[in-house]
Protein chains: 2
Amino acid sequence: MVTSGMEFWSFPPAYDRTYMPSPKSNYWLPMRETMDPGERDREIVVRLQKVMAYAYKNSTFYRNRWDDAGIHPEHIHSLEDFERVPVITKQELRAAQERTEPFGDYLCVPDSEVHHIHGTSGTTGRPTVFAIGREDWGTIAENQARILWAMGLRPGDMVFVAAIFGLYLGSWGAMLATERLGGKCFPFGAGAPGMTARAVQWLRTMKPQGFYSTPSYALHLAEVARDEGIDPGDFRLKIMFFSGEPGASIPGIRERIESAFGAKVFDCGTMAEMTPYMSASGTNGSGPGMVLFQDMVYHEVCDPKSFSRVGWGERGTPVYTHLERTSQPMIRLSSGDLTHWIEGPSSCGRTYPIFPDGVYGRIDDMFQVRGENIYPSEIDAALNQVAGYGGEHRIIISREGAMDELLVQFEVSEDIYSEGAEAVSGVNQRASETLRRVLGVRAKTEVVNANIIPRTDHKARRVIDDRELFRTLNSKLE
Amino acid sequence: MVTSGMEFWSFPPAYDRTYMPSPKSNYWLPMRETMDPGERDREIVVRLQKVMAYAYKNSTFYRNRWDDAGIHPEHIHSLEDFERVPVITKQELRAAQERTEPFGDYLCVPDSEVHHIHGTSGTTGRPTVFAIGREDWGTIAENQARILWAMGLRPGDMVFVAAIFGLYLGSWGAMLATERLGGKCFPFGAGAPGMTARAVQWLRTMKPQGFYSTPSYALHLAEVARDEGIDPGDFRLKIMFFSGEPGASIPGIRERIESAFGAKVFDCGTMAEMTPYMSASGTNGSGPGMVLFQDMVYHEVCDPKSFSRVGWGERGTPVYTHLERTSQPMIRLSSGDLTHWIEGPSSCGRTYPIFPDGVYGRIDDMFQVRGENIYPSEIDAALNQVAGYGGEHRIIISREGAMDELLVQFEVSEDIYSEGAEAVSGVNQRASETLRRVLGVRAKTEVVNANIIPRTDHKARRVIDDRELFRTLNSKLE
């Protein structure tokens with residue numbers, strides 16, 4: 001039952017876990033999703049105050065930080081006031097967990113309220129632990145079911161989750177969303193040897209309506225299916241949603257997935273720390289990019305130095321604030337990612353702001369070549385515009401003498417390989433010209449043999465910076 | 001709140017999902033667990049009637065079957081009457097799913113009530129799909145939380161689940177149990193490259209109280225930890241519970257796990273189809289083996305031909321019946337497993353029957369060598385009694401001329417390898433004698449080099465039957 005015009009919008013959250021929208025509604029929470037943006041902003045300020053007051057009371061981490069900065073929750077009367085709240089970084093969260101093991105002094109609930117433990121993979125350095133409270137687990141389900149509804153999934157639909165269930169939160173969020181929506185969750189998983197071939201068989205047998213994975217995994221899955229003589233279109237997927245990588249908003253990648261599977265493709269996701277990570281998500285009718293459900297997580301796009309918001313249309317780094325989490329609420333978490341935003345409403349009718357191209361890079365992934373700022377995602381996007389591109393590439397940055405060299409190796413499509421040297425060289429020429437135009441800097445391009453570039457089950461890593469090696473060697477010699 | 005002497009015992013189940021026993025209670029549901037067994041049996045008959053009436057009404061599969069056999073739910077007035085109900089097999093379930101895709105005509109709820117989809121891995125032949133209903137998912141959590149409580153886990157305890165999350169139901173059951181118990185679930189997963197080494201690091205950092213995996217994975221994990229210079233005892237695990245393989249009730253294996261980790265070891269689990277699979281489980285105070293929570297799943301040990309129950313103390317095959325599931329209730333599912341049972345109460349005070357040695361083999365795993373019935377689990381148990389055994393072995397059955405030959409290859413402990421040939425030969429001699437005594441048949445034994453026998457992340461497969469090859473070749477030549 002909807003108890004007020006605000007549809008359960010309170011802090012701490014108090015959702016009705018049995019609520020289900022009218023089957024005809026395009027919106028899970030029609031009022032919150034389509035309200036006047038100015039009015040919403042005023043309501044957001046109220047929640048920001050409450051979340052901050054809660055965190056100030058329950059966490060040494062935030063209290064110390066804000067005391068040091070001379071900020072107090074009571075000072076926050078506008079979104080502009082909120083911009084003065086210092087951002088926090090992943091490194092600081094990790095350090096807090098080293099000081100106060102295992103969950104860090106930003107845990108705002110008693111230890112006994114911790115329901116699920118997830119984390120970063122910790123392949124480099126100390127991993128970060130996510131302690132998700134019992135109530136939060138339910139709130140995450142509420143939030144993410146709302147997003148799946150916005151994509152067009154409905155009760156009874158089957159969602160196939162083809163991502164590893166473990167530390168990684170992407171798969172769990174997709175599962176909780178499906179469960180809460182009244183769908184059938186098929187938590188298939190990924191990562192173990194032989195699973196992709198079996199996924200192909202199950203998809204063919206079960207014909208789910210929905211599908212979740214990383215974009216690169218979906219492309220890999222399509223390849224594996226074709227290798228087995230199966231057209232991925234035969235799965236008859238309707239809705240495919242992706243997080244963990246930017247791909248699903250990148251032109252070219254997006255189209256390749258759409259055409260391989262014949263399904264609608266939705267980009268979603270911010271950061272694992274920010275789960276419900278789907279607060280930014282594509283919606284049915286909105287096209288590429290992601291709509292920002294500001295009443296769930298408050299998204300700001302900020303100047304990476306001052307951390308005040310940039311204007312509509314401008315580039316910056318997303319800064320996220322939980323409005324509905326109580327266990328480890330993130331308040332102004334700096335993502336280090338890169339995007340630009342525009343004002344709503346989106347064509348789906350939601351009055352939220354939009355990341356029209358998704359989140360397309362990382363500030364720290366950015367590299368400089370001969371003084372130009374280059375983002376790997378730009379190279380990805382550029383190659384995907386080149387007819388005959390085979391879908392896999394790698395970027396090698398090296399230094400010859402004093403000059404940086406950018407080399408992009410890539411595969412071409414099967415047709416091109418079989419047409420022979422001239423066709424291959426034509427694609428190479430086009431790739432080189434496209435890259436030069438997009439990047440503003442000359443890149444060497446090179447077509448490599450088919451299947452030389454390693455495929456990935458999870459997030460693709462494509463940049464090899466030989467200069468790093470060069471620098472390391474040099475510093476060791478010094 | 002406990003509403004009657006029967007503590008929520010009804011069909012369909014109607015649990016209070018907020019119920020929590022008194023912190024001092026040894027039992028989650030004290031009355032149901034410690035009631036007079038004769039009285040319990042009378043109550044079980046009432047539930048068997050109800051489950052059968054429900055399945056008769058809602059499933060073509062059961063209705064046709066029982067009509068053919070001249071059985072009607074109203075005929076069931078005693079446990080003896082119930083023995084006349086025809087058993088069902090996995091093969092029949094699979095065939096039903098081929099006829100009525102995808103869930104089979106034994107699905108007793110509307111398609112829209114299906115909440116989770118799991119299945120067999122389907123490495124050979126058509127996989128079986130498990131469609132678990134929304135209500136059942138909650139009932140499974142209720143049932144399995146009861147078991148974790150019986151092992152000694154309590155609210156706030158952290159349980160590390162080191163088994164793959166996907167089709168396999170073991171990990172999901174452990175997760176649901178932990179969640180419902182009010183514990184912290186750490187669903188780590190397993191199966192992807194490098195995960196075991198990372199599990200070692202996380203266990204050392206997080207120090208969970210509880211741990212779930214397959215027995216062979218726990219031994220593998222201990223090895224990996226030691227290879228990294230870490231004593232698995234440093235994890236300070238208190239309670240380790242296992243399913244998926246018989247190991248945790250096998251003397252030797254059980255002791256190896258206990259001594260490696262310094263934890264209490266509990267065997268549990270029947271079959272994935274029977275989830276809540278922990279209905280048979282070790283309990284705190286009951287020692288090895290498994291207590292049969294008959295009010296959750298009704299366990300019979302039957303003669304494998306007549307499928308009537310065998311007497312206490314006798315060997316037979318378990319036949320299982322769900323008393324609390326509504327989506328795909330299994331009614332007299334024949335396991336093909338092998339065990340023997342004894343009368344309760346167990347030393348934990350529960351008045352249930354007991355599998356004192358767990359479930360230790362499969363009727364179809366049994367092989368004959370020179371006319372003797374041999375179960376791989378017996379060989380496993382025998383080797384584990386031999387001082388100097390290194391923990392891994394394989395069984396090779398071949399035929400030389402007309403005679404079956406049984407060869408058991410095994411590794412010895414590091415100490416023995418480093419002591420040299422004489423020590424190795426001594427262990428070999430002892431293994432040979434022990435096997436002859438236990439099996440009643442001569443086996444060749446052979447010590448192989450360390451780490452030659454492949455380790456497994458999941459269920460160990462140890463039997464190689466060369467006669468199969470011999471037969472196949474022969475039949476091809478004919």
# chains A, B, ... in the order shown; residues from 1 in each chain; ligands from 1
$ residues_around --residues "segment 276-284 of chain B" --least-positions-apart "4" --cutoff "8 Å" --atoms "only C-alpha atoms" --output "ChimeraX atom specification"
/B:140-141,143-144,147,150-152,170,173,266-272,288-294,296-297,348
$ residues_around --residues "segment 228-231 of chain B" --least-positions-apart "5" --cutoff "12 Å" --atoms "only C-alpha atoms" --output "list of chain:residue names"
B:Thr196, B:Ala197, B:Arg198, B:Ala199, B:Val200, B:Gln201, B:Leu203, B:Arg204, B:Leu221, B:Ala222, B:Glu223, B:Arg236, B:Leu237, B:Ser259, B:Ala260, B:Phe261, B:Gly262
$ select_by_dssp --residues "segment 253-473 of chain A" --states "alpha helix (DSSP H)" --output "short mmCIF file (atom, residue, chain, number, x, y, z; two decimals) with C-alpha atoms, in the first residue's frame"
data_model
loop_
_atom_site.label_atom_id
_atom_site.label_comp_id
_atom_site.auth_asym_id
_atom_site.auth_seq_id
_atom_site.Cartn_x
_atom_site.Cartn_y
_atom_site.Cartn_z
CA ILE A 253 29.66 -2.72 -28.38
CA ARG A 254 26.05 -2.02 -27.58
CA GLU A 255 25.01 -2.69 -31.16
CA ARG A 256 27.08 -5.85 -31.36
CA ILE A 257 25.32 -7.26 -28.31
CA GLU A 258 21.91 -6.19 -29.59
CA SER A 259 22.44 -7.72 -32.98
CA ALA A 260 23.98 -10.94 -31.66
CA PHE A 261 21.13 -11.63 -29.26
CA PRO A 376 40.73 3.48 -23.23
CA SER A 377 36.95 3.69 -23.64
CA GLU A 378 37.40 6.21 -26.47
CA ILE A 379 39.58 3.73 -28.33
CA ASP A 380 37.03 1.01 -27.74
CA ALA A 381 34.24 3.22 -29.04
CA ALA A 382 36.27 4.31 -32.06
CA LEU A 383 37.18 0.76 -33.12
CA ASN A 384 33.58 -0.32 -32.79
CA GLU A 414 36.03 -13.56 -39.99
CA ASP A 415 34.85 -12.26 -43.36
CA ILE A 416 37.74 -9.87 -43.57
CA TYR A 417 40.30 -12.51 -42.61
CA SER A 418 39.01 -14.79 -45.32
CA GLU A 419 38.93 -12.05 -47.94
CA ALA A 421 45.49 -9.25 -47.19
CA GLU A 422 43.95 -6.40 -49.09
CA ALA A 423 40.73 -6.39 -47.06
CA VAL A 424 42.72 -6.63 -43.84
CA SER A 425 44.86 -3.72 -44.83
CA GLY A 426 41.78 -1.68 -45.73
CA VAL A 427 40.31 -2.15 -42.26
CA ASN A 428 43.64 -1.27 -40.73
CA GLN A 429 43.72 1.94 -42.73
CA ARG A 430 40.19 2.88 -41.66
CA ALA A 431 40.97 2.08 -38.01
CA SER A 432 44.05 4.26 -38.12
CA GLU A 433 42.14 7.20 -39.58
CA THR A 434 39.23 6.83 -37.16
CA LEU A 435 41.55 6.68 -34.16
CA ARG A 436 43.46 9.72 -35.29
CA ARG A 437 40.24 11.66 -35.71
CA VAL A 438 38.74 10.61 -32.35
CA LEU A 439 41.89 10.79 -30.25
CA ASP A 466 55.23 -0.61 -21.38
CA ARG A 467 56.36 2.75 -20.15
CA GLU A 468 55.55 1.55 -16.65
CA LEU A 469 58.08 -1.21 -17.12
CA PHE A 470 60.49 1.32 -18.58
CA ARG A 471 60.08 3.56 -15.56
CA THR A 472 60.43 0.69 -13.10
CA LEU A 473 63.56 -0.52 -14.78
#
$ closest_residue --among "A:Val408, A:Met35, A:Ala190, A:Leu48" --to "chain B" --atoms "only C-alpha atoms"
A:Ala190
$ interface_residues --of "chain A" --to "chain B" --cutoff "9 Å" --atoms "only C-alpha atoms" --output "PDB file with C-alpha atoms, in the first residue's frame"
ATOM      1  CA  GLU A 101      39.013  -4.689  11.647  1.00  0.00           C
ATOM      2  CA  PRO A 102      37.211  -6.124   9.858  1.00  0.00           C
ATOM      3  CA  ASP A 111      28.015  -6.076  14.311  1.00  0.00           C
ATOM      4  CA  SER A 112      25.092  -8.470  14.915  1.00  0.00           C
ATOM      5  CA  GLU A 113      23.072  -6.694  12.201  1.00  0.00           C
ATOM      6  CA  VAL A 114      25.573  -7.637   9.476  1.00  0.00           C
ATOM      7  CA  HIS A 115      23.769 -10.015   7.145  1.00  0.00           C
ATOM      8  CA  HIS A 116      26.018 -10.532   4.132  1.00  0.00           C
ATOM      9  CA  ILE A 117      29.721 -10.083   3.578  1.00  0.00           C
ATOM     10  CA  HIS A 118      31.100  -9.323   0.162  1.00  0.00           C
ATOM     11  CA  SER A 121      38.654  -9.328  -5.054  1.00  0.00           C
ATOM     12  CA  GLY A 122      41.842  -8.033  -3.516  1.00  0.00           C
ATOM     13  CA  THR A 123      44.034  -9.185  -6.368  1.00  0.00           C
ATOM     14  CA  PRO A 127      40.766  -6.207  -0.139  1.00  0.00           C
ATOM     15  CA  ALA A 131      29.285  -5.499   5.438  1.00  0.00           C
ATOM     16  CA  ARG A 134      19.957  -7.234   7.265  1.00  0.00           C
ATOM     17  CA  PRO A 155       6.539 -10.770 -12.457  1.00  0.00           C
ATOM     18  CA  GLY A 156       6.979 -14.278 -13.802  1.00  0.00           C
ATOM     19  CA  ASP A 157       9.860 -13.352 -16.105  1.00  0.00           C
ATOM     20  CA  MET A 158      12.959 -15.500 -15.833  1.00  0.00           C
ATOM     21  CA  ILE A 164      30.091 -15.138 -10.587  1.00  0.00           C
ATOM     22  CA  PHE A 165      28.351 -15.300  -7.212  1.00  0.00           C
ATOM     23  CA  GLY A 166      30.891 -14.569  -4.553  1.00  0.00           C
ATOM     24  CA  LEU A 167      32.614 -11.383  -3.502  1.00  0.00           C
ATOM     25  CA  THR A 178      14.531 -10.574  -9.730  1.00  0.00           C
ATOM     26  CA  GLU A 179      13.350 -12.167  -6.505  1.00  0.00           C
ATOM     27  CA  GLY A 182       8.330 -11.734  -8.480  1.00  0.00           C
ATOM     28  CA  GLY A 183      10.488 -13.152 -11.253  1.00  0.00           C
ATOM     29  CA  LYS A 184      12.228 -16.479 -11.578  1.00  0.00           C
ATOM     30  CA  CYS A 185      15.881 -16.153 -10.740  1.00  0.00           C
ATOM     31  CA  PHE A 186      18.262 -18.521 -12.477  1.00  0.00           C
ATOM     32  CA  PRO A 187      21.532 -17.770 -10.677  1.00  0.00           C
ATOM     33  CA  PHE A 188      23.760 -19.632 -13.088  1.00  0.00           C
ATOM     34  CA  GLY A 189      27.043 -17.995 -12.105  1.00  0.00           C
ATOM     35  CA  ALA A 190      30.253 -17.915 -14.125  1.00  0.00           C
ATOM     36  CA  GLY A 191      33.966 -18.317 -13.787  1.00  0.00           C
ATOM     37  CA  ALA A 192      34.515 -22.058 -13.487  1.00  0.00           C
ATOM     38  CA  PRO A 193      35.959 -23.942 -16.457  1.00  0.00           C
ATOM     39  CA  ARG A 198      26.868 -25.055 -20.410  1.00  0.00           C
ATOM     40  CA  TRP A 202      20.733 -23.797 -20.558  1.00  0.00           C
ATOM     41  CA  THR A 205      16.568 -24.872 -23.134  1.00  0.00           C
ATOM     42  CA  MET A 206      15.132 -22.391 -20.658  1.00  0.00           C
TER      43      MET A 206
END
$ residues_around --residues "Ile452 of chain A" --least-positions-apart "3" --cutoff "12 Å" --atoms "only C-alpha atoms" --output "PyMOL selection string"
chain A and resi 390-394+409-412+447-449+455
$ atom_distance --atom1 "atom CA of Met403 of chain A" --atom2 "atom CA of Gly371 of chain A"
10.3 Å
